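See below for upload-v6.pdb, which holds PDB, C-alpha atoms.
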ATOM      1  CA  MET A   8     -37.304 -57.806 -66.758
ATOM      2  CA  LYS A   9     -36.870 -61.321 -65.574
ATOM      3  CA  TRP A  10     -33.551 -63.035 -65.929
ATOM      4  CA  GLU A  11     -33.773 -66.732 -66.655
ATOM      5  CA  MET A  12     -31.629 -69.418 -68.118
ATOM      6  CA  SER A  13     -32.507 -71.714 -70.982
ATOM      7  CA  ARG A  14     -35.226 -74.308 -70.995
ATOM      8  CA  VAL A  15     -32.681 -77.118 -70.582
ATOM      9  CA  VAL A  16     -31.317 -75.669 -67.363
ATOM     10  CA  LYS A  17     -34.784 -75.045 -66.021
ATOM     11  CA  THR A  18     -35.928 -78.578 -66.776
ATOM     12  CA  VAL A  19     -32.860 -80.104 -65.135
ATOM     13  CA  THR A  20     -33.403 -77.822 -62.166
ATOM     14  CA  ASP A  21     -36.994 -78.964 -61.837
ATOM     15  CA  ILE A  22     -35.820 -82.562 -61.820
ATOM     16  CA  LEU A  23     -32.924 -82.069 -59.426
ATOM     17  CA  VAL A  24     -34.311 -79.748 -56.776
ATOM     18  CA  ALA A  25     -36.455 -82.318 -55.008
ATOM     19  CA  PRO A  26     -33.711 -84.975 -54.734
ATOM     20  CA  ILE A  27     -31.272 -82.361 -53.453
ATOM     21  CA  ILE A  28     -33.691 -81.261 -50.746
ATOM     22  CA  ILE A  29     -34.427 -84.870 -49.821
ATOM     23  CA  PHE A  30     -30.705 -85.583 -49.601
ATOM     24  CA  GLY A  31     -30.292 -82.593 -47.323
ATOM     25  CA  ILE A  32     -33.087 -83.802 -45.080
ATOM     26  CA  TYR A  33     -31.472 -87.231 -45.013
ATOM     27  CA  LEU A  34     -28.159 -85.713 -43.989
ATOM     28  CA  ILE A  35     -29.830 -83.754 -41.210
ATOM     29  CA  LEU A  36     -31.894 -86.623 -39.846
ATOM     30  CA  HIS A  37     -28.996 -89.079 -39.954
ATOM     31  CA  GLY A  38     -26.566 -86.577 -38.518
ATOM     32  CA  HIS A  39     -25.918 -88.713 -35.456
ATOM     33  CA  LEU A  40     -25.415 -91.923 -37.422
ATOM     34  CA  THR A  41     -23.499 -91.076 -40.565
ATOM     35  CA  PRO A  42     -21.057 -88.379 -41.563
ATOM     36  CA  GLY A  43     -22.863 -85.110 -41.926
ATOM     37  CA  GLY A  44     -25.136 -83.191 -39.650
ATOM     38  CA  GLY A  45     -27.165 -80.066 -39.350
ATOM     39  CA  PHE A  46     -24.733 -77.668 -40.939
ATOM     40  CA  GLN A  47     -23.925 -79.885 -43.868
ATOM     41  CA  GLY A  48     -27.529 -80.810 -44.554
ATOM     42  CA  GLY A  49     -28.592 -77.202 -44.321
ATOM     43  CA  ALA A  50     -25.883 -76.219 -46.766
ATOM     44  CA  VAL A  51     -27.088 -78.910 -49.179
ATOM     45  CA  ILE A  52     -30.643 -77.591 -48.970
ATOM     46  CA  ALA A  53     -29.340 -74.084 -49.542
ATOM     47  CA  SER A  54     -27.533 -75.342 -52.634
ATOM     48  CA  SER A  55     -30.917 -76.272 -54.087
ATOM     49  CA  THR A  56     -31.919 -72.676 -53.465
ATOM     50  CA  ALA A  57     -28.835 -71.562 -55.350
ATOM     51  CA  LEU A  58     -29.809 -73.814 -58.238
ATOM     52  CA  LEU A  59     -33.303 -72.336 -58.323
ATOM     53  CA  ILE A  60     -31.948 -68.807 -58.226
ATOM     54  CA  ILE A  61     -29.484 -69.498 -61.027
ATOM     55  CA  ALA A  62     -32.089 -71.143 -63.222
ATOM     56  CA  TYR A  63     -35.057 -68.896 -62.611
ATOM     57  CA  GLY A  64     -33.463 -65.654 -61.513
ATOM     58  CA  THR A  65     -35.676 -65.173 -58.492
ATOM     59  CA  LEU A  66     -37.367 -66.979 -55.675
ATOM     60  CA  GLY A  67     -40.377 -64.754 -55.320
ATOM     61  CA  LYS A  68     -41.231 -62.915 -52.164
ATOM     62  CA  HIS A  69     -40.201 -65.179 -49.330
ATOM     63  CA  LYS A  70     -37.709 -63.021 -47.524
ATOM     64  CA  LYS A  71     -39.769 -62.645 -44.403
ATOM     65  CA  ASP A  72     -40.692 -66.324 -44.346
ATOM     66  CA  LEU A  73     -37.056 -67.395 -44.573
ATOM     67  CA  SER A  74     -36.066 -64.923 -41.914
ATOM     68  CA  SER A  75     -38.765 -66.219 -39.587
ATOM     69  CA  ILE A  76     -37.764 -69.822 -40.210
ATOM     70  CA  GLU A  77     -34.177 -69.017 -39.390
ATOM     71  CA  ALA A  78     -35.126 -67.234 -36.190
ATOM     72  CA  VAL A  79     -37.411 -70.096 -35.168
ATOM     73  CA  GLY A  80     -34.634 -72.629 -35.746
ATOM     74  CA  LEU A  81     -32.136 -70.733 -33.634
ATOM     75  CA  THR A  82     -34.667 -70.118 -30.876
ATOM     76  CA  LEU A  83     -35.699 -73.750 -30.678
ATOM     77  CA  PHE A  84     -32.040 -74.781 -30.630
ATOM     78  CA  ILE A  85     -31.412 -72.546 -27.645
ATOM     79  CA  LEU A  86     -34.624 -73.763 -26.011
ATOM     80  CA  ILE A  87     -33.654 -77.425 -26.414
ATOM     81  CA  ALA A  88     -30.256 -76.642 -25.002
ATOM     82  CA  PHE A  89     -31.606 -74.806 -21.994
ATOM     83  CA  LEU A  90     -34.291 -77.381 -21.190
ATOM     84  CA  GLY A  91     -31.564 -79.454 -19.586
ATOM     85  CA  ILE A  92     -30.733 -76.689 -17.171
ATOM     86  CA  GLY A  93     -31.536 -79.057 -14.295
ATOM     87  CA  SER A  94     -28.144 -80.662 -14.794
ATOM     88  CA  THR A  95     -26.251 -78.454 -17.173
ATOM     89  CA  VAL A  96     -26.958 -76.561 -20.312
ATOM     90  CA  PHE A  97     -26.683 -78.895 -23.314
ATOM     91  CA  TYR A  98     -27.334 -81.873 -21.079
ATOM     92  CA  ASN A  99     -28.650 -84.814 -23.064
ATOM     93  CA  TYR A 100     -31.761 -85.405 -21.007
ATOM     94  CA  ILE A 101     -33.676 -87.705 -23.359
ATOM     95  CA  THR A 102     -31.002 -90.140 -24.402
ATOM     96  CA  GLY A 103     -31.828 -93.782 -23.873
ATOM     97  CA  THR A 104     -35.558 -93.144 -23.610
ATOM     98  CA  GLY A 105     -36.428 -93.186 -27.316
ATOM     99  CA  PHE A 106     -38.443 -90.043 -26.717
ATOM    100  CA  PRO A 107     -40.361 -89.351 -29.913
ATOM    101  CA  PHE A 108     -41.319 -92.848 -31.046
ATOM    102  CA  GLY A 109     -40.655 -94.995 -28.020
ATOM    103  CA  GLY A 110     -38.214 -97.807 -27.616
ATOM    104  CA  SER A 111     -34.499 -97.506 -27.429
ATOM    105  CA  LEU A 112     -31.386 -99.455 -28.156
ATOM    106  CA  PRO A 113     -31.405-102.827 -26.427
ATOM    107  CA  TYR A 114     -27.732-102.427 -25.646
ATOM    108  CA  HIS A 115     -25.306 -99.597 -25.440
ATOM    109  CA  GLY A 116     -22.745 -99.609 -28.147
ATOM    110  CA  PRO A 117     -22.566 -99.176 -31.874
ATOM    111  CA  ASN A 118     -25.803 -97.885 -33.253
ATOM    112  CA  PRO A 119     -27.144-100.064 -36.080
ATOM    113  CA  GLY A 120     -29.030 -97.170 -37.611
ATOM    114  CA  TYR A 121     -32.009 -96.255 -35.462
ATOM    115  CA  ILE A 122     -33.002 -92.672 -36.021
ATOM    116  CA  ASN A 123     -34.901 -92.204 -32.779
ATOM    117  CA  THR A 124     -31.769 -92.357 -30.712
ATOM    118  CA  GLY A 125     -29.264 -89.776 -29.745
ATOM    119  CA  GLY A 126     -31.566 -87.789 -27.523
ATOM    120  CA  THR A 127     -31.279 -84.067 -27.924
ATOM    121  CA  ILE A 128     -28.549 -84.394 -30.528
ATOM    122  CA  THR A 129     -31.076 -85.376 -33.185
ATOM    123  CA  PHE A 130     -33.329 -82.436 -32.443
ATOM    124  CA  MET A 131     -30.445 -80.024 -32.287
ATOM    125  CA  ASN A 132     -29.299 -81.319 -35.667
ATOM    126  CA  LEU A 133     -32.780 -80.674 -36.992
ATOM    127  CA  MET A 134     -32.945 -77.162 -35.612
ATOM    128  CA  VAL A 135     -29.471 -76.229 -36.785
ATOM    129  CA  GLY A 136     -30.289 -77.688 -40.189
ATOM    130  CA  ILE A 137     -33.422 -75.565 -40.448
ATOM    131  CA  GLU A 138     -31.523 -72.492 -39.379
ATOM    132  CA  VAL A 139     -28.572 -73.010 -41.702
ATOM    133  CA  ALA A 140     -30.781 -73.830 -44.680
ATOM    134  CA  ALA A 141     -32.891 -70.727 -44.155
ATOM    135  CA  ALA A 142     -29.901 -68.495 -43.422
ATOM    136  CA  LEU A 143     -27.807 -69.530 -46.413
ATOM    137  CA  SER A 144     -30.843 -69.413 -48.695
ATOM    138  CA  LEU A 145     -31.588 -65.929 -47.437
ATOM    139  CA  ILE A 146     -28.020 -64.770 -48.014
ATOM    140  CA  LEU A 147     -27.977 -66.242 -51.525
ATOM    141  CA  TRP A 148     -31.330 -64.770 -52.346
ATOM    142  CA  MET A 149     -30.478 -61.319 -51.073
ATOM    143  CA  MET A 150     -27.182 -61.328 -52.933
ATOM    144  CA  SER A 151     -28.771 -62.547 -56.149
ATOM    145  CA  LYS A 152     -31.227 -59.670 -56.314
ATOM    146  CA  ARG A 153     -30.154 -57.236 -58.933
ATOM    147  CA  GLY A 154     -30.083 -53.654 -57.829
ATOM    148  CA  GLY A 155     -30.183 -54.802 -54.267
ATOM    149  CA  VAL A 156     -27.678 -52.163 -53.258
ATOM    150  CA  MET A 157     -28.972 -49.605 -50.848
ATOM    151  CA  GLU A 158     -29.937 -46.435 -52.616
ATOM    152  CA  PRO A 159     -31.437 -43.228 -51.338
ATOM    153  CA  LYS A 160     -35.087 -42.628 -51.946
ATOM    154  CA  GLY A 161     -36.159 -41.029 -55.177
ATOM    155  CA  SER A 162     -32.799 -41.052 -56.909
ATOM    156  CA  SER A 163     -32.843 -44.620 -58.099
ATOM    157  CA  SER A 164     -35.691 -44.641 -60.585
ATOM    158  CA  LYS A 165     -33.622 -43.708 -63.634
ATOM    159  CA  LYS A 166     -30.759 -46.001 -62.710
ATOM    160  CA  ALA A 167     -33.112 -48.889 -62.181
ATOM    161  CA  GLU A 168     -34.629 -48.393 -65.613
ATOM    162  CA  VAL A 169     -31.222 -48.437 -67.208
ATOM    163  CA  LYS A 170     -30.255 -51.571 -65.330
ATOM    164  CA  ASP A 171     -33.372 -53.426 -66.208
TER     165      ASP A 171
ATOM    166  CA  MET B  29      18.303 -51.942 -46.316
ATOM    167  CA  LYS B  30      14.718 -52.901 -46.908
ATOM    168  CA  LYS B  31      15.733 -56.144 -48.542
ATOM    169  CA  ALA B  32      18.069 -57.006 -45.681
ATOM    170  CA  LEU B  33      15.299 -56.330 -43.191
ATOM    171  CA  ALA B  34      12.911 -58.488 -45.137
ATOM    172  CA  LEU B  35      15.517 -61.239 -45.331
ATOM    173  CA  VAL B  36      16.125 -61.121 -41.576
ATOM    174  CA  ALA B  37      12.404 -61.189 -40.864
ATOM    175  CA  PHE B  38      11.947 -64.070 -43.275
ATOM    176  CA  PHE B  39      14.671 -66.140 -41.640
ATOM    177  CA  VAL B  40      13.447 -65.396 -38.118
ATOM    178  CA  ILE B  41       9.883 -66.430 -38.960
ATOM    179  CA  PHE B  42      11.089 -69.397 -40.974
ATOM    180  CA  SER B  43      13.270 -70.614 -38.093
ATOM    181  CA  PHE B  44      10.312 -70.331 -35.746
ATOM    182  CA  LEU B  45       8.162 -72.373 -38.088
ATOM    183  CA  LEU B  46      10.970 -74.893 -38.529
ATOM    184  CA  LEU B  47      11.307 -75.161 -34.757
ATOM    185  CA  GLY B  48       7.601 -75.871 -34.504
ATOM    186  CA  VAL B  49       7.800 -78.556 -37.158
ATOM    187  CA  VAL B  50      10.807 -80.212 -35.513
ATOM    188  CA  GLN B  51       9.178 -80.248 -32.111
ATOM    189  CA  MET B  52       5.879 -81.550 -33.427
ATOM    190  CA  ARG B  53       4.710 -84.838 -32.034
ATOM    191  CA  PRO B  54       4.164 -87.711 -34.458
ATOM    192  CA  PHE B  55       0.761 -87.953 -36.051
ATOM    193  CA  GLY B  56      -1.798 -89.780 -33.961
ATOM    194  CA  GLU B  57       0.057 -89.498 -30.676
ATOM    195  CA  PRO B  58      -1.217 -86.422 -28.895
ATOM    196  CA  GLU B  59       0.177 -85.408 -25.552
ATOM    197  CA  ASN B  60      -3.060 -85.807 -23.613
ATOM    198  CA  GLU B  61      -5.331 -88.622 -24.677
ATOM    199  CA  ASP B  62      -7.788 -88.629 -21.809
ATOM    200  CA  MET B  63     -10.443 -86.477 -23.433
ATOM    201  CA  ASP B  64     -10.177 -88.335 -26.734
ATOM    202  CA  ASP B  65     -10.679 -91.676 -25.064
ATOM    203  CA  TYR B  66     -13.576 -90.267 -23.075
ATOM    204  CA  PHE B  67     -15.293 -88.913 -26.176
ATOM    205  CA  LEU B  68     -14.755 -92.073 -28.185
ATOM    206  CA  GLY B  69     -15.999 -94.353 -25.439
ATOM    207  CA  ASP B  70     -18.778 -92.265 -23.999
ATOM    208  CA  SER B  71     -20.488 -90.996 -27.124
ATOM    209  CA  GLN B  72     -21.728 -94.440 -28.140
ATOM    210  CA  LYS B  73     -22.471 -95.657 -24.642
ATOM    211  CA  ARG B  74     -24.350 -92.686 -23.291
ATOM    212  CA  HIS B  75     -25.641 -90.825 -26.308
ATOM    213  CA  GLU B  76     -26.208 -93.766 -28.685
ATOM    214  CA  VAL B  77     -24.469 -91.746 -31.345
ATOM    215  CA  ASN B  78     -22.218 -93.246 -33.972
ATOM    216  CA  ASN B  79     -20.966 -89.957 -35.301
ATOM    217  CA  VAL B  80     -18.590 -88.811 -32.602
ATOM    218  CA  VAL B  81     -18.093 -85.487 -34.329
ATOM    219  CA  THR B  82     -21.785 -84.754 -33.963
ATOM    220  CA  ALA B  83     -21.709 -85.805 -30.330
ATOM    221  CA  VAL B  84     -18.844 -83.424 -29.673
ATOM    222  CA  LEU B  85     -20.496 -80.635 -31.637
ATOM    223  CA  PHE B  86     -23.941 -80.816 -30.126
ATOM    224  CA  ASP B  87     -23.346 -82.152 -26.661
ATOM    225  CA  TYR B  88     -19.873 -81.887 -25.224
ATOM    226  CA  ARG B  89     -19.070 -78.624 -26.960
ATOM    227  CA  GLY B  90     -22.598 -77.386 -27.412
ATOM    228  CA  LEU B  91     -21.871 -73.814 -26.500
ATOM    229  CA  ASP B  92     -19.470 -73.587 -29.431
ATOM    230  CA  THR B  93     -22.256 -74.655 -31.755
ATOM    231  CA  LEU B  94     -24.567 -72.119 -30.174
ATOM    232  CA  GLY B  95     -22.004 -69.425 -30.879
ATOM    233  CA  GLU B  96     -21.613 -70.679 -34.427
ATOM    234  CA  ALA B  97     -25.348 -70.524 -35.025
ATOM    235  CA  THR B  98     -25.435 -67.061 -33.510
ATOM    236  CA  ILE B  99     -22.625 -65.978 -35.816
ATOM    237  CA  LEU B 100     -24.623 -67.240 -38.776
ATOM    238  CA  PHE B 101     -27.641 -65.320 -37.542
ATOM    239  CA  ALA B 102     -25.552 -62.185 -37.168
ATOM    240  CA  ALA B 103     -24.143 -62.696 -40.662
ATOM    241  CA  VAL B 104     -27.621 -62.928 -42.109
ATOM    242  CA  SER B 105     -28.657 -59.849 -40.192
ATOM    243  CA  GLY B 106     -25.676 -57.995 -41.604
ATOM    244  CA  VAL B 107     -26.401 -59.132 -45.151
ATOM    245  CA  LEU B 108     -30.021 -58.078 -44.804
ATOM    246  CA  THR B 109     -28.958 -54.749 -43.408
ATOM    247  CA  VAL B 110     -26.473 -54.013 -46.163
ATOM    248  CA  LEU B 111     -28.386 -55.427 -49.129
ATOM    249  CA  ARG B 112     -31.877 -54.384 -48.218
ATOM    250  CA  ARG B 113     -33.793 -52.176 -50.536
ATOM    251  CA  PHE B 114     -35.809 -49.192 -49.614
ATOM    252  CA  LYS B 115     -39.203 -49.108 -51.228
ATOM    253  CA  ASP B 116     -39.472 -46.881 -54.214
ATOM    254  CA  LYS B 117     -42.817 -45.722 -55.497
ATOM    255  CA  GLU B 118     -41.948 -45.542 -59.183
ATOM    256  CA  GLU B 119     -40.145 -48.839 -59.372
ATOM    257  CA  GLY B 120     -42.927 -51.194 -58.467
ATOM    258  CA  GLU B 121     -42.093 -54.829 -59.000
ATOM    259  CA  LYS B 122     -38.494 -55.845 -58.635
TER     260      LYS B 122
END
Take the structure in this file and express it as structure tokens.
Amino acid sequence: MKWEMSRVVKTVTDILVAPIIIFGIYLILHGHLTPGGGFQGGAVIASSTALLIIAYGTLGKHKKDLSSIEAVGLTLFILIAFLGIGSTVFYNYITGTGFPFGGSLPYHGPNPGYINTGGTITFMNLMVGIEVAAALSLILWMMSKRGGVMEPKGSSSKKAEVKD
Amino acid sequence: MKKALALVAFFVIFSFLLLGVVQMRPFGEPENEDMDDYFLGDSQKRHEVNNVVTAVLFDYRGLDTLGEATILFAAVSGVLTVLRRFKDKEEGEK
């Protein structure tokens, strides 16, 4: 019934999944300081999903959760963008204020690596990262399901038995 | 006849491509540099962002990113629509 890979692959997957996810989160949070960003970090997190799917064959029943997460990410991205409607859409209205944690750069110029800078760009990175991670994971998961092809009701029971 | 036509088409397209390559400006010297200089100077001053690509993606050209995210959402919706599975009573657990 269940399709899994060998114990070696599963063990290595267990070890590697957490660092991969942490690296993705790092890429997302440092998107405004180092190369990378929301899309790349989300893709890295989705690669951990791919690893899990390859090793274990399934993710369980999280389709609706992933779908909701993706929708929430996109909605919050649009909301953050439209909150600056006083000037323009996508106006960076919290730059220079150090909004979440207080404090800001003492000078304007090269950023030595403070995360709580960048204004809306950081939050948009976060939201896009959440959305991309959930979306790519969802695509991978849906495509990895065996027998996931649409079939009419009632006619698929025999075929499914043969497949399994 | 067919081969001659294909040859003519090949040479026409090839000459167009060659013309484009000959007329290309040298690398690193674009025709209009105003926007580049603006991005490079303004992204660190105003947005406190080292990664200029991110600044362009999420601030100056934010609507493009919004469209990109929407495309991803539409892609996921399409995948879910095509690959979804109707519930079957006999099958039970997947």
| query | So which residues touch Leu91 (chain B) within 12 Å, counting all atoms listed in the file, skipping near sequence neighbours fewer than 2 positions away, as a ChimeraX atom specification? | reply | /A:84-85,88-89,95-98 /B:84-89,93-98
Can I get the selected residues back with C-alpha atoms, as a PDB file, in the coordinates of the input?
ATOM      1  CA  PHE A  84     -32.040 -74.781 -30.630  1.00  0.00           C
ATOM      2  CA  ILE A  85     -31.412 -72.546 -27.645  1.00  0.00           C
ATOM      3  CA  ALA A  88     -30.256 -76.642 -25.002  1.00  0.00           C
ATOM      4  CA  PHE A  89     -31.606 -74.806 -21.994  1.00  0.00           C
ATOM      5  CA  THR A  95     -26.251 -78.454 -17.173  1.00  0.00           C
ATOM      6  CA  VAL A  96     -26.958 -76.561 -20.312  1.00  0.00           C
ATOM      7  CA  PHE A  97     -26.683 -78.895 -23.314  1.00  0.00           C
ATOM      8  CA  TYR A  98     -27.334 -81.873 -21.079  1.00  0.00           C
TER       9      TYR A  98
ATOM     10  CA  VAL B  84     -18.844 -83.424 -29.673  1.00  0.00           C
ATOM     11  CA  LEU B  85     -20.496 -80.635 -31.637  1.00  0.00           C
ATOM     12  CA  PHE B  86     -23.941 -80.816 -30.126  1.00  0.00           C
ATOM     13  CA  ASP B  87     -23.346 -82.152 -26.661  1.00  0.00           C
ATOM     14  CA  TYR B  88     -19.873 -81.887 -25.224  1.00  0.00           C
ATOM     15  CA  ARG B  89     -19.070 -78.624 -26.960  1.00  0.00           C
ATOM     16  CA  THR B  93     -22.256 -74.655 -31.755  1.00  0.00           C
ATOM     17  CA  LEU B  94     -24.567 -72.119 -30.174  1.00  0.00           C
ATOM     18  CA  GLY B  95     -22.004 -69.425 -30.879  1.00  0.00           C
ATOM     19  CA  GLU B  96     -21.613 -70.679 -34.427  1.00  0.00           C
ATOM     20  CA  ALA B  97     -25.348 -70.524 -35.025  1.00  0.00           C
ATOM     21  CA  THR B  98     -25.435 -67.061 -33.510  1.00  0.00           C
TER      22      THR B  98
END
| query | Residues picked by the ChimeraX specification (/A :<9) & /B here, as a ChimeraX atom specification? | reply | /B:69,71-83,85-91,93-94,97-98,100-101,103-104,107-108,110-119,122
| task | Run the PyMOL selection byres ((chain A and resi 64) around 9) on the file and write out the hits as a PyMOL selection string. | result | chain A and resi 9-12+59-63+65-66+151-152
Please report, as JSON, the centre and edge lengths in Å to one decimal of an axis-aligned box covering all listed atoms of region 32-41 of chain B with 8 Å per side.
{"center_x": 14.0, "center_y": -61.4, "center_z": -41.9, "size_x": 24.2, "size_y": 26.1, "size_z": 23.6}
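If you look at CA of Gly31 (chain A) and CA of Ser54 (chain A), they are 9.4 Å away from each other.
Here CA of Pro107 (chain A) and CA of Leu90 (chain A) stand 16.0 Å from one another.
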| Distance of CA of Ile32 (chain A) from CA of Ser75 (chain A), expressed in Å to one decimal place | 19.3 Å
| Explicit residues for the PyMOL selection byres ((chain A and resi 21) around 12) (as a PyMOL selection string) | chain A and resi 14-20+22-28+55-56+58-60+62-63
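With all atoms listed in the file as the basis for measurement, A:Ile35 is the residue among A:Ile92, A:Ile35, A:Ile29, A:Ile87 that approaches Leu133 (chain A) most closely.
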Requested file, region 37-60 of chain B restricted to N, CA and C atoms, as a PDB file, in the first residue's frame:
ATOM      1  N   ALA B  37      14.372  30.955 -45.759  1.00  0.00           N
ATOM      2  CA  ALA B  37      13.883  31.376 -44.449  1.00  0.00           C
ATOM      3  C   ALA B  37      15.018  31.376 -43.434  1.00  0.00           C
ATOM      4  N   PHE B  38      15.850  30.339 -43.512  1.00  0.00           N
ATOM      5  CA  PHE B  38      16.976  30.253 -42.579  1.00  0.00           C
ATOM      6  C   PHE B  38      17.884  31.462 -42.726  1.00  0.00           C
ATOM      7  N   PHE B  39      18.209  31.808 -43.998  1.00  0.00           N
ATOM      8  CA  PHE B  39      19.158  32.909 -44.179  1.00  0.00           C
ATOM      9  C   PHE B  39      18.538  34.249 -43.793  1.00  0.00           C
ATOM     10  N   VAL B  40      17.242  34.406 -44.064  1.00  0.00           N
ATOM     11  CA  VAL B  40      16.590  35.664 -43.663  1.00  0.00           C
ATOM     12  C   VAL B  40      16.643  35.819 -42.147  1.00  0.00           C
ATOM     13  N   ILE B  41      16.220  34.760 -41.438  1.00  0.00           N
ATOM     14  CA  ILE B  41      16.202  34.839 -39.968  1.00  0.00           C
ATOM     15  C   ILE B  41      17.615  35.000 -39.427  1.00  0.00           C
ATOM     16  N   PHE B  42      18.546  34.260 -40.034  1.00  0.00           N
ATOM     17  CA  PHE B  42      19.930  34.329 -39.566  1.00  0.00           C
ATOM     18  C   PHE B  42      20.495  35.732 -39.764  1.00  0.00           C
ATOM     19  N   SER B  43      20.173  36.357 -40.921  1.00  0.00           N
ATOM     20  CA  SER B  43      20.683  37.713 -41.152  1.00  0.00           C
ATOM     21  C   SER B  43      20.080  38.697 -40.153  1.00  0.00           C
ATOM     22  N   PHE B  44      18.797  38.478 -39.817  1.00  0.00           N
ATOM     23  CA  PHE B  44      18.204  39.353 -38.806  1.00  0.00           C
ATOM     24  C   PHE B  44      18.910  39.209 -37.470  1.00  0.00           C
ATOM     25  N   LEU B  45      19.160  37.968 -37.084  1.00  0.00           N
ATOM     26  CA  LEU B  45      19.855  37.743 -35.813  1.00  0.00           C
ATOM     27  C   LEU B  45      21.253  38.343 -35.848  1.00  0.00           C
ATOM     28  N   LEU B  46      21.930  38.162 -37.007  1.00  0.00           N
ATOM     29  CA  LEU B  46      23.282  38.698 -37.144  1.00  0.00           C
ATOM     30  C   LEU B  46      23.268  40.220 -37.036  1.00  0.00           C
ATOM     31  N   LEU B  47      22.240  40.820 -37.656  1.00  0.00           N
ATOM     32  CA  LEU B  47      22.104  42.280 -37.578  1.00  0.00           C
ATOM     33  C   LEU B  47      21.959  42.715 -36.122  1.00  0.00           C
ATOM     34  N   GLY B  48      21.129  41.974 -35.384  1.00  0.00           N
ATOM     35  CA  GLY B  48      20.949  42.307 -33.977  1.00  0.00           C
ATOM     36  C   GLY B  48      22.243  42.197 -33.196  1.00  0.00           C
ATOM     37  N   VAL B  49      23.010  41.154 -33.491  1.00  0.00           N
ATOM     38  CA  VAL B  49      24.271  40.972 -32.763  1.00  0.00           C
ATOM     39  C   VAL B  49      25.247  42.090 -33.110  1.00  0.00           C
ATOM     40  N   VAL B  50      25.289  42.471 -34.394  1.00  0.00           N
ATOM     41  CA  VAL B  50      26.242  43.511 -34.802  1.00  0.00           C
ATOM     42  C   VAL B  50      25.878  44.849 -34.167  1.00  0.00           C
ATOM     43  N   GLN B  51      24.587  45.109 -34.098  1.00  0.00           N
ATOM     44  CA  GLN B  51      24.169  46.410 -33.566  1.00  0.00           C
ATOM     45  C   GLN B  51      24.114  46.449 -32.052  1.00  0.00           C
ATOM     46  N   MET B  52      24.421  45.334 -31.405  1.00  0.00           N
ATOM     47  CA  MET B  52      24.306  45.293 -29.954  1.00  0.00           C
ATOM     48  C   MET B  52      25.342  46.199 -29.303  1.00  0.00           C
ATOM     49  N   ARG B  53      24.917  46.851 -28.238  1.00  0.00           N
ATOM     50  CA  ARG B  53      25.861  47.701 -27.524  1.00  0.00           C
ATOM     51  C   ARG B  53      26.790  46.840 -26.685  1.00  0.00           C
ATOM     52  N   PRO B  54      27.989  47.344 -26.395  1.00  0.00           N
ATOM     53  CA  PRO B  54      28.913  46.552 -25.577  1.00  0.00           C
ATOM     54  C   PRO B  54      28.344  46.279 -24.202  1.00  0.00           C
ATOM     55  N   PHE B  55      28.803  45.197 -23.615  1.00  0.00           N
ATOM     56  CA  PHE B  55      28.269  44.754 -22.332  1.00  0.00           C
ATOM     57  C   PHE B  55      28.568  45.787 -21.247  1.00  0.00           C
ATOM     58  N   GLY B  56      27.569  46.110 -20.463  1.00  0.00           N
ATOM     59  CA  GLY B  56      27.760  47.040 -19.372  1.00  0.00           C
ATOM     60  C   GLY B  56      27.594  48.488 -19.740  1.00  0.00           C
ATOM     61  N   GLU B  57      27.233  48.774 -20.974  1.00  0.00           N
ATOM     62  CA  GLU B  57      27.004  50.163 -21.371  1.00  0.00           C
ATOM     63  C   GLU B  57      25.631  50.297 -22.008  1.00  0.00           C
ATOM     64  N   PRO B  58      24.600  50.280 -21.181  1.00  0.00           N
ATOM     65  CA  PRO B  58      23.255  50.409 -21.746  1.00  0.00           C
ATOM     66  C   PRO B  58      23.015  51.821 -22.261  1.00  0.00           C
ATOM     67  N   GLU B  59      21.966  51.941 -23.044  1.00  0.00           N
ATOM     68  CA  GLU B  59      21.688  53.236 -23.671  1.00  0.00           C
ATOM     69  C   GLU B  59      21.238  54.263 -22.635  1.00  0.00           C
ATOM     70  N   ASN B  60      20.302  53.828 -21.771  1.00  0.00           N
ATOM     71  CA  ASN B  60      19.800  54.736 -20.741  1.00  0.00           C
ATOM     72  C   ASN B  60      20.233  54.219 -19.383  1.00  0.00           C
TER      73      ASN B  60
END
